[in-house]
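Pasting start39.txt here (compact mmCIF, C-alpha atoms):
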# COMPACT_ATOMS: atom_id res chain seq x y z
CA MET A 1 -2.09 20.42 41.98
CA LEU A 2 -2.09 16.98 40.39
CA LYS A 3 -3.54 15.60 43.60
CA GLU A 4 -6.45 18.08 43.54
CA VAL A 5 -7.23 17.33 39.92
CA LEU A 6 -7.15 13.61 40.56
CA ALA A 7 -9.33 13.99 43.65
CA VAL A 8 -11.96 15.96 41.71
CA ILE A 9 -11.98 13.32 39.00
CA SER A 10 -12.36 10.45 41.44
CA VAL A 11 -15.22 12.16 43.29
CA SER A 12 -17.18 13.25 40.23
CA ALA A 13 -16.46 10.40 37.80
CA ILE A 14 -19.30 8.10 38.87
CA PRO A 15 -22.07 10.74 39.10
CA ALA A 16 -20.89 12.27 35.81
CA LEU A 17 -20.85 8.91 34.07
CA LEU A 18 -24.37 8.10 35.31
CA LEU A 19 -25.64 11.50 34.19
CA VAL A 20 -24.04 11.48 30.75
CA ILE A 21 -25.09 7.92 29.88
CA THR A 22 -28.72 8.19 30.98
CA LEU A 23 -29.12 11.64 29.35
CA TYR A 24 -27.55 10.46 26.10
CA GLY A 25 -29.80 7.37 26.20
CA ALA A 26 -32.90 9.53 26.62
CA PHE A 27 -31.68 11.81 23.82
CA LYS A 28 -31.36 8.76 21.55
CA LYS A 29 -34.92 7.70 22.49
CA VAL A 30 -33.80 4.62 24.42
CA PRO A 31 -36.37 3.44 27.01
CA VAL A 32 -33.79 4.08 29.75
CA TYR A 33 -35.55 2.38 32.67
CA GLU A 34 -36.35 -0.78 30.73
CA ALA A 35 -32.86 -0.92 29.23
CA PHE A 36 -31.35 -0.58 32.70
CA ILE A 37 -33.44 -3.52 33.97
CA ARG A 38 -32.49 -5.66 30.96
CA GLY A 39 -28.81 -5.09 31.68
CA SER A 40 -28.83 -5.33 35.45
CA LYS A 41 -30.61 -8.70 35.39
CA GLN A 42 -27.26 -10.30 34.48
CA GLY A 43 -25.55 -8.97 37.60
CA PHE A 44 -27.03 -11.60 39.86
CA GLY A 45 -25.79 -14.54 37.81
CA ILE A 46 -22.19 -13.31 37.79
CA GLY A 47 -22.24 -12.59 41.52
CA VAL A 48 -23.42 -16.12 42.30
CA ARG A 49 -21.14 -17.83 39.78
CA ILE A 50 -17.93 -16.47 41.33
CA ILE A 51 -18.73 -17.64 44.90
CA PRO A 52 -17.03 -21.07 44.78
CA TYR A 53 -13.93 -19.67 43.03
CA LEU A 54 -13.57 -16.87 45.55
CA ILE A 55 -14.07 -19.24 48.48
CA ALA A 56 -11.34 -21.56 47.18
CA MET A 57 -8.84 -18.76 46.69
CA LEU A 58 -9.60 -16.65 49.77
CA VAL A 59 -9.63 -19.67 52.11
CA ALA A 60 -6.22 -20.76 50.78
CA VAL A 61 -4.76 -17.27 51.17
CA GLY A 62 -6.37 -16.78 54.59
CA MET A 63 -4.97 -20.07 55.89
CA PHE A 64 -1.53 -19.23 54.50
CA ARG A 65 -1.45 -15.88 56.27
CA ALA A 66 -2.75 -17.32 59.55
CA SER A 67 -0.15 -20.10 59.59
CA GLY A 68 2.77 -17.68 59.98
CA ALA A 69 4.21 -18.82 56.65
CA ILE A 70 4.82 -15.23 55.55
CA GLU A 71 6.92 -14.35 58.62
CA LEU A 72 8.85 -17.57 58.07
CA ALA A 73 9.48 -16.79 54.40
CA ALA A 74 10.51 -13.25 55.33
CA GLU A 75 13.07 -14.63 57.77
CA TYR A 76 14.63 -16.91 55.17
CA LEU A 77 14.54 -14.35 52.37
CA ALA A 78 15.98 -11.53 54.51
CA PRO A 79 19.72 -12.09 53.77
CA LEU A 80 19.02 -12.40 50.04
CA LEU A 81 16.79 -9.35 49.85
CA SER A 82 18.88 -7.06 52.05
CA PHE A 83 21.71 -7.87 49.64
CA ILE A 84 19.82 -6.01 46.91
CA GLY A 85 18.98 -3.11 49.21
CA MET A 86 15.53 -3.99 50.48
CA PRO A 87 14.89 -3.05 54.12
CA ALA A 88 13.93 -6.12 56.19
CA ASP A 89 10.74 -4.37 57.37
CA LEU A 90 9.40 -4.47 53.82
CA ILE A 91 9.78 -8.20 53.18
CA PRO A 92 6.42 -9.32 54.64
CA LEU A 93 4.77 -6.52 52.67
CA ALA A 94 6.44 -7.67 49.45
CA ILE A 95 4.89 -11.12 49.90
CA VAL A 96 1.46 -10.05 51.18
CA ARG A 97 0.80 -7.39 48.53
CA SER A 98 0.07 -10.04 45.89
CA LEU A 99 -2.21 -11.99 48.22
CA SER A 100 -4.36 -9.56 50.19
CA GLY A 101 -5.13 -5.87 49.82
CA SER A 102 -6.36 -5.41 53.39
CA GLY A 103 -3.34 -7.38 54.62
CA ALA A 104 -0.95 -5.10 52.75
CA LEU A 105 -2.64 -1.99 54.14
CA GLY A 106 -2.40 -3.48 57.64
CA ILE A 107 1.34 -4.04 57.28
CA LEU A 108 1.78 -0.55 55.85
CA GLY A 109 -0.09 0.79 58.90
CA GLU A 110 2.27 -1.12 61.20
CA ILE A 111 5.36 0.16 59.41
CA ALA A 112 4.02 3.73 59.51
CA ALA A 113 3.14 3.42 63.21
CA THR A 114 6.56 2.10 64.24
CA ASN A 115 8.69 4.29 61.96
CA GLY A 116 6.55 7.42 61.68
CA GLY A 117 4.54 8.73 58.73
CA ASP A 118 7.50 10.63 57.26
CA ALA A 119 10.15 7.90 57.54
CA TYR A 120 11.94 6.78 54.39
CA VAL A 121 10.95 3.15 54.93
CA THR A 122 7.30 4.18 55.36
CA LYS A 123 7.36 6.00 52.04
CA LEU A 124 8.94 3.01 50.31
CA ALA A 125 6.27 0.79 51.84
CA ALA A 126 3.56 3.21 50.68
CA VAL A 127 4.79 3.15 47.07
CA MET A 128 5.02 -0.63 47.22
CA THR A 129 1.44 -0.89 48.51
CA GLY A 130 -0.01 1.81 46.27
CA SER A 131 1.39 0.22 43.12
CA SER A 132 0.25 -3.32 43.86
CA GLU A 133 -2.72 -5.45 42.97
CA THR A 134 -3.86 -8.65 44.68
CA THR A 135 -2.94 -10.91 41.76
CA PHE A 136 -4.36 -14.16 43.13
CA TYR A 137 -7.70 -12.58 44.00
CA VAL A 138 -8.03 -10.94 40.59
CA LEU A 139 -7.18 -14.18 38.77
CA ALA A 140 -9.67 -16.22 40.84
CA LEU A 141 -12.41 -13.62 40.45
CA TYR A 142 -12.04 -12.86 36.74
CA PHE A 143 -11.39 -16.39 35.55
CA GLY A 144 -13.98 -17.79 37.97
CA SER A 145 -16.69 -15.54 36.56
CA VAL A 146 -16.45 -17.35 33.19
CA GLY A 147 -15.58 -20.81 34.52
CA VAL A 148 -11.98 -20.80 33.32
CA THR A 149 -9.75 -23.13 35.38
CA LYS A 150 -6.78 -23.42 33.02
CA PHE A 151 -5.08 -20.05 33.51
CA ARG A 152 -2.23 -20.78 31.04
CA HIS A 153 0.44 -18.08 31.12
CA ALA A 154 -1.72 -15.52 32.97
CA LEU A 155 -0.52 -16.87 36.31
CA ALA A 156 3.18 -16.73 35.46
CA ALA A 157 2.79 -13.26 33.93
CA GLY A 158 0.96 -11.94 37.00
CA VAL A 159 3.44 -13.34 39.51
CA LEU A 160 6.49 -12.29 37.46
CA ALA A 161 5.14 -8.77 37.09
CA ASP A 162 4.50 -8.67 40.86
CA ILE A 163 8.09 -9.65 41.64
CA ILE A 164 9.50 -7.13 39.16
CA GLY A 165 7.04 -4.58 40.57
CA ILE A 166 8.63 -4.88 44.02
CA PHE A 167 12.00 -3.83 42.63
CA VAL A 168 10.54 -1.08 40.44
CA ALA A 169 8.73 0.33 43.50
CA LEU A 170 11.97 0.23 45.50
CA ALA A 171 13.95 1.92 42.73
CA VAL A 172 11.35 4.63 42.10
CA GLY A 173 10.94 5.19 45.85
CA LYS A 174 14.70 5.54 46.22
CA LEU A 175 14.83 8.10 43.41
CA ALA A 176 11.89 10.07 44.81
CA PHE A 177 12.67 10.02 48.51
CA GLY A 178 16.20 8.63 48.98
CA MET B 1 -0.94 -25.31 37.40
CA ILE B 2 -3.53 -23.63 39.59
CA ASN B 3 -4.20 -27.05 41.15
CA TYR B 4 -0.61 -27.21 42.40
CA ILE B 5 -0.60 -23.63 43.66
CA TRP B 6 -3.83 -24.14 45.53
CA LEU B 7 -2.58 -27.42 46.97
CA PHE B 8 0.65 -25.67 47.98
CA PHE B 9 -1.25 -22.98 49.90
CA ILE B 10 -3.42 -25.50 51.76
CA VAL B 11 -0.69 -28.04 52.56
CA SER B 12 1.98 -25.52 53.53
CA SER B 13 -0.52 -23.63 55.72
CA VAL B 14 -1.39 -26.74 57.72
CA VAL B 15 2.20 -28.00 57.97
CA ILE B 16 3.65 -24.60 58.91
CA GLY B 17 0.70 -23.91 61.22
CA PHE B 18 1.47 -27.19 63.00
CA PHE B 19 5.11 -26.21 63.59
CA THR B 20 4.37 -22.61 64.57
CA GLY B 21 1.59 -23.75 66.90
CA ARG B 22 -1.01 -21.79 64.97
CA LEU B 23 -3.17 -24.68 63.86
CA GLN B 24 -6.15 -23.14 65.67
CA GLU B 25 -5.71 -19.86 63.74
CA VAL B 26 -5.36 -21.73 60.44
CA GLY B 27 -8.65 -23.52 61.02
CA ASP B 28 -10.38 -20.33 62.11
CA ALA B 29 -9.05 -18.50 59.04
CA ALA B 30 -10.44 -21.18 56.71
CA ILE B 31 -13.96 -20.72 58.13
CA GLU B 32 -13.67 -16.94 58.34
CA TYR B 33 -12.42 -16.46 54.78
CA ALA B 34 -15.08 -18.78 53.35
CA GLY B 35 -17.68 -16.43 54.84
CA LEU B 36 -15.77 -13.40 53.63
CA ALA B 37 -15.75 -14.75 50.06
CA VAL B 38 -19.54 -15.02 50.09
CA LYS B 39 -19.85 -11.52 51.56
CA ILE B 40 -17.66 -10.09 48.79
CA SER B 41 -19.63 -11.94 46.11
CA LEU B 42 -22.97 -10.73 47.43
CA ALA B 43 -21.74 -7.15 47.70
CA LEU B 44 -20.59 -7.44 44.11
CA ILE B 45 -24.10 -8.33 42.90
CA GLY B 46 -25.31 -4.81 43.70
CA VAL B 47 -22.57 -2.91 41.87
CA MET B 48 -22.58 -5.45 39.05
CA ALA B 49 -26.30 -4.96 38.48
CA LEU B 50 -25.93 -1.17 38.63
CA TRP B 51 -23.16 -0.95 36.04
CA LEU B 52 -24.53 -3.64 33.76
CA GLY B 53 -27.80 -1.70 33.74
CA VAL B 54 -26.12 1.60 32.96
CA MET B 55 -23.93 0.03 30.29
CA ARG B 56 -27.01 -1.49 28.67
CA ILE B 57 -28.43 2.01 28.26
CA ALA B 58 -25.11 3.14 26.76
CA GLU B 59 -25.17 0.17 24.42
CA GLU B 60 -28.71 0.75 23.17
CA ALA B 61 -27.96 4.44 22.69
CA GLY B 62 -24.99 3.63 20.46
CA LEU B 63 -22.57 5.21 22.91
CA VAL B 64 -20.61 2.00 23.25
CA SER B 65 -19.80 1.65 19.56
CA LEU B 66 -18.91 5.35 19.40
CA PHE B 67 -16.43 4.89 22.23
CA ALA B 68 -15.10 1.72 20.63
CA LYS B 69 -14.08 3.61 17.48
CA LEU B 70 -11.92 5.96 19.53
CA ILE B 71 -9.91 3.24 21.24
CA LYS B 72 -9.60 0.96 18.23
CA PRO B 73 -5.89 1.63 17.54
CA ILE B 74 -4.74 0.61 21.04
CA ILE B 75 -7.00 -2.43 21.27
CA LYS B 76 -5.83 -3.67 17.86
CA ARG B 77 -2.24 -3.83 19.08
CA LEU B 78 -2.84 -5.35 22.51
CA PHE B 79 -5.70 -7.66 21.57
CA PRO B 80 -5.21 -8.73 17.95
CA ASP B 81 -7.66 -11.63 18.35
CA ILE B 82 -10.79 -9.65 19.20
CA PRO B 83 -12.90 -7.37 16.99
CA PRO B 84 -11.46 -3.91 17.74
CA ASP B 85 -14.86 -2.22 17.74
CA GLY B 86 -16.78 -4.92 19.59
CA LYS B 87 -18.26 -5.07 23.07
CA ALA B 88 -15.22 -6.80 24.59
CA ALA B 89 -12.96 -3.95 23.49
CA VAL B 90 -15.22 -1.37 25.11
CA ASP B 91 -15.55 -3.30 28.37
CA ILE B 92 -11.77 -3.72 28.56
CA THR B 93 -11.30 0.01 28.07
CA MET B 94 -13.95 0.90 30.66
CA ASN B 95 -12.32 -1.47 33.15
CA VAL B 96 -8.86 -0.01 32.63
CA SER B 97 -10.14 3.59 32.82
CA ALA B 98 -12.10 2.91 36.02
CA ASN B 99 -9.09 1.17 37.56
CA ALA B 100 -6.82 4.05 36.70
CA LEU B 101 -9.20 6.49 38.36
CA GLY B 102 -9.31 4.33 41.48
CA LEU B 103 -12.99 3.50 41.00
CA ASN B 104 -12.79 -0.11 42.14
CA ASN B 105 -16.56 -0.36 42.47
CA ALA B 106 -16.96 0.34 38.77
CA ALA B 107 -13.80 -1.38 37.54
CA THR B 108 -14.72 -4.88 38.69
CA PRO B 109 -18.16 -5.03 36.99
CA PHE B 110 -16.63 -3.76 33.72
CA GLY B 111 -13.82 -6.28 34.08
CA LEU B 112 -16.19 -9.19 34.66
CA LYS B 113 -18.32 -8.09 31.72
CA ALA B 114 -15.18 -7.95 29.60
CA MET B 115 -14.33 -11.51 30.65
CA LYS B 116 -17.82 -12.61 29.61
CA GLU B 117 -17.36 -11.07 26.16
CA LEU B 118 -13.85 -12.53 25.87
CA GLN B 119 -15.23 -15.96 26.75
CA LYS B 120 -17.68 -15.67 23.83
CA LEU B 121 -14.64 -15.05 21.57
CA ASN B 122 -12.50 -17.76 23.19
CA PRO B 123 -11.06 -19.79 20.26
CA ASN B 124 -10.16 -22.80 22.45
CA PRO B 125 -12.54 -25.74 22.02
CA ASP B 126 -12.08 -26.31 25.76
CA LYS B 127 -13.83 -23.27 27.23
CA SER B 128 -12.26 -23.82 30.64
CA MET B 129 -8.95 -22.78 29.08
CA ALA B 130 -7.97 -19.11 29.00
CA SER B 131 -7.52 -17.40 25.64
CA ASP B 132 -4.54 -15.19 24.77
CA SER B 133 -6.76 -12.11 25.03
CA MET B 134 -7.91 -13.11 28.53
CA CYS B 135 -4.32 -13.55 29.67
CA THR B 136 -3.33 -10.15 28.29
CA PHE B 137 -6.34 -8.53 29.93
CA LEU B 138 -5.53 -10.10 33.29
CA ALA B 139 -1.86 -9.13 33.02
CA ILE B 140 -3.02 -5.53 32.66
CA ASN B 141 -5.33 -5.92 35.64
CA THR B 142 -2.88 -7.66 37.95
CA ALA B 143 -0.28 -4.99 37.21
CA GLY B 144 -2.53 -2.75 39.31
CA ILE B 145 -2.80 0.48 37.36
CA GLN B 146 -4.02 3.07 39.79
CA PHE B 147 -3.54 6.81 39.68
CA ILE B 148 -5.05 7.60 43.07
CA PRO B 149 -3.91 5.21 45.81
CA ALA B 150 -6.56 6.62 48.15
CA SER B 151 -6.40 3.97 50.87
CA VAL B 152 -2.61 4.19 51.07
CA MET B 153 -2.80 7.97 51.45
CA ALA B 154 -5.39 7.46 54.19
CA VAL B 155 -3.03 5.17 56.12
CA LEU B 156 -0.19 7.70 55.77
CA ALA B 157 -2.45 10.54 56.89
CA ALA B 158 -3.50 8.52 59.92
CA SER B 159 0.13 8.15 60.99
CA ASP B 160 0.81 11.90 60.83
CA SER B 161 2.60 12.00 57.53
CA SER B 162 3.30 15.64 56.65
CA ASN B 163 2.39 15.15 52.99
CA PRO B 164 0.62 11.86 52.13
CA ALA B 165 0.07 13.00 48.54
CA GLU B 166 3.79 12.93 47.73
CA ILE B 167 3.52 9.20 47.08
CA VAL B 168 1.03 9.72 44.24
CA ALA B 169 3.60 10.53 41.56
CA PRO B 170 5.99 7.67 42.46
CA CYS B 171 3.01 5.29 42.48
CA ILE B 172 1.91 6.42 39.01
CA VAL B 173 5.45 6.06 37.67
CA THR B 174 5.82 2.61 39.27
CA THR B 175 2.50 1.20 38.06
CA SER B 176 3.10 2.58 34.56
CA ILE B 177 6.49 0.87 34.34
CA VAL B 178 5.08 -2.36 35.78
CA LEU B 179 2.16 -2.22 33.32
CA VAL B 180 4.51 -2.00 30.36
CA ILE B 181 6.65 -4.82 31.76
CA ALA B 182 3.56 -6.98 32.42
CA VAL B 183 2.35 -6.55 28.84
CA ILE B 184 5.80 -7.42 27.47
CA ILE B 185 5.98 -10.51 29.70
CA VAL B 186 2.51 -11.73 28.73
CA LYS B 187 3.22 -11.23 25.02
CA ILE B 188 6.50 -13.18 25.28
CA LEU B 189 4.82 -16.01 27.22
CA GLU B 190 2.01 -16.06 24.67
CA LYS B 191 4.56 -16.80 21.95
CA LEU B 192 6.33 -19.43 24.06
CA PHE B 193 3.11 -21.20 25.09
CA PRO B 194 0.68 -20.67 22.20
CA GLU B 195 -3.03 -21.48 22.30
CA PRO B 196 -3.57 -25.10 21.22
CA ALA B 197 -5.73 -23.88 18.33
CA LYS B 198 -3.01 -21.50 17.16
CA SER B 199 -0.14 -23.96 17.35
CA LEU B 200 -2.23 -26.41 15.28
CA LYS B 201 -2.84 -23.71 12.70
CA ALA B 202 0.83 -22.76 12.63
CA LYS B 203 1.75 -26.40 12.01
CA GLU B 204 -0.69 -26.62 9.12
CA GLU B 205 0.73 -23.46 7.58
CA ASN B 206 4.23 -24.84 7.91
CA SER B 207 3.31 -28.08 6.22
CA ASP B 208 1.63 -26.13 3.41
CA ALA B 209 4.82 -24.21 2.79
Is it possible to give me this structure as structure tokens?
Amino acid sequence: MLKEVLAVISVSAIPALLLVITLYGAFKKVPVYEAFIRGSKQGFGIGVRIIPYLIAMLVAVGMFRASGAIELAAEYLAPLLSFIGMPADLIPLAIVRSLSGSGALGILGEIAATNGGDAYVTKLAAVMTGSSETTFYVLALYFGSVGVTKFRHALAAGVLADIIGIFVALAVGKLAFG
Amino acid sequence: MINYIWLFFIVSSVVIGFFTGRLQEVGDAAIEYAGLAVKISLALIGVMALWLGVMRIAEEAGLVSLFAKLIKPIIKRLFPDIPPDGKAAVDITMNVSANALGLNNAATPFGLKAMKELQKLNPNPDKSMASDSMCTFLAINTAGIQFIPASVMAVLAASDSSNPAEIVAPCIVTTSIVLVIAVIIVKILEKLFPEPAKSLKAKEENSDA
């Protein structure tokens, strides 16, 4: 039920938003076409401004993943993390989810393929992926768009919340499926 | 700080790549991801222009300020430094709503527009330094609020899961908890590491007293 409602919302939200805003604009006697052009002109500038910031961050993350550093970290962290009840299969995912969305989905696909779509570990991995955001990408993109290079406590807050998020996902997954 | 993190990624990639014999892959990844970054940025121009255009209509029609009034109470608490019925407040709300609905294509343009408005309100004389409001906004964004993890459900469906949708509720619960934790963390850190402008002001007030 919830799923159907959510699906309807996600399909119709964008068309509905476009319809409501343009109709309301016309109703308020706004020259809708000209107003649209005035606003959309700024899109180009933002898109171009973020390029160097995104290159810096994505290249760093891409190199890190390609080097095998994540597998290495997973190996060293395994004893520590299995101590708190985290399956070893999930360790690479726990690291990648903050770095790369497509990477996290890839690992989830691997876990699902090897363990089956209904396996407990697959469900845990799914909750961990579905509740994550690529923190480093978001920081680079959002701060880059306004030329901010001193992130202050945003970085620590993002990374801390990611780490806590891993354990929350595990705990909620355990309650729901364990 | 970001200088060290970036340096760490680059140096550790090359050193580890050397020992794992993946130096070739590391080099290839650097080139590949540089291209990918440009591709993402260019793709963003289209959706950015679309939503900025639509939002301009909403602004000129007075829809934006109407919406702002509704969300004022929440914004006031989370973002005490910004005008609660201003443009930044609306853009923040649009970004969070779009994120929650899983509309990434709409969320990012709203988010970037919010950052632009927040930068106008940035109290730091050094504009390359993040304001408290920016940090709070990004903590909300990096917490990853999402009610419909569509791509995750797609992966589960592809591997013959009998009910991919059963992860929706746990995901909502998890992201909600993480969101609350992220906001608490960012508010604590904000007190521990105040904006230079604010700590100056606090000192002045103390010396007055």
- [ ] Considering all atoms listed in the file, state which residue in the set A:Ile55, A:Leu105, A:Ile166, A:Ala73 is at the smallest distance from Tyr137 of chain A.
- [x]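 Closest residue, counting all atoms listed in the file: A:Ile55.
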- [ ] Within 8 Å of (-0.2, -1.4, 43.0) (coordinates as in the file), grab all the protein and nucleic acid residues, counting all atoms listed in the file, and write them out as a PyMOL selection string.
- [x] (chain A and resi 127-133) or (chain B and resi 143-146+171+175)
Task: Selected residue, from A:Pro15, A:Ile37, A:Leu23, A:Tyr120, that lies nearest to chain B when counting all atoms listed in the file - done: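 Checking each candidate against chain B, we get A:Ile37 as the closest.
Minimum distance to Lys191 of chain B across B:Met55, B:Asp132, B:Lys69, B:Pro164 (counting only C-alpha atoms) occurs at B:Asp132.
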Within 6 Å of chain B, which residues of chain A show up? Give each one with its shortest atom-to-atom distance in Å (one decimal) and the two atoms involved, counting only C-alpha atoms, rows by chain then rising residue number, as a tab-separated table.
residue	atom	partner	partner_atom	distance
A:Ser10	CA	B:Leu101	CA	5.9
A:Ile21	CA	B:Ala58	CA	5.7
A:Gly25	CA	B:Ala61	CA	4.9
A:Lys28	CA	B:Ala61	CA	5.6
A:Val32	CA	B:Ile57	CA	5.9
A:Ala35	CA	B:Ile57	CA	5.4
A:Phe36	CA	B:Gly53	CA	3.9
A:Ile37	CA	B:Gly53	CA	5.9
A:Gly39	CA	B:Gly53	CA	4.1
A:Ser40	CA	B:Ala49	CA	4.0
A:Gly43	CA	B:Ala49	CA	4.2
A:Phe44	CA	B:Ile45	CA	5.3
A:Gly47	CA	B:Ile45	CA	4.8
A:Ile51	CA	B:Val38	CA	5.9
A:Leu54	CA	B:Ala37	CA	5.4
A:Ile55	CA	B:Ala34	CA	5.0
A:Leu58	CA	B:Tyr33	CA	5.8
A:Val59	CA	B:Ala30	CA	4.9
A:Ala60	CA	B:Phe9	CA	5.5
A:Gly62	CA	B:Ala29	CA	5.5
A:Met63	CA	B:Val26	CA	4.9
A:Phe64	CA	B:Ser13	CA	4.7
A:Ala66	CA	B:Val26	CA	5.2
A:Ser67	CA	B:Gly17	CA	4.2
A:Gly109	CA	B:Val155	CA	6.0
A:Gly117	CA	B:Ser161	CA	4.0
A:Asp118	CA	B:Ser161	CA	5.1
A:Val127	CA	B:Cys171	CA	5.4
A:Gly130	CA	B:Pro149	CA	5.2
A:Ser131	CA	B:Thr175	CA	5.3
A:Ser132	CA	B:Gly144	CA	5.4
A:Glu133	CA	B:Gly144	CA	4.6
A:Thr135	CA	B:Thr142	CA	5.0
A:Tyr142	CA	B:Leu112	CA	5.9
A:Gly147	CA	B:Ser128	CA	5.9
A:Val148	CA	B:Ser128	CA	4.0
A:Thr149	CA	B:Ser128	CA	5.4
A:Lys150	CA	B:Met129	CA	4.5
A:Phe151	CA	B:Ala130	CA	5.4
A:Ala154	CA	B:Cys135	CA	4.6
A:Ala157	CA	B:Val186	CA	5.4
A:Gly158	CA	B:Ala139	CA	5.6
A:Ala161	CA	B:Ala182	CA	5.2
A:Gly165	CA	B:Val178	CA	5.6
A:Ala169	CA	B:Thr174	CA	5.6
Task: Residues within 12 Å of Pro87 of chain A, all atoms listed in the file, excluding chain neighbours under 4 positions, as a list in words - done: Ala74, Leu77, Ala78, Pro79, Leu80, Leu81, Ser82, Phe83, Ile91, Pro92, Leu93, Ala94, Ile111, Tyr120, Val121, Thr122, Lys123, Leu124, Ala125, Phe167, Leu170 and Lys174 of chain A
TODO: Record the distance separating atom CA of Thr134 of chain A and atom CA of Ile71 of chain B, expressed in Å with one decimal.
DONE: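 Atom CA of Thr134 of chain A sits 27.0 Å away from atom CA of Ile71 of chain B.
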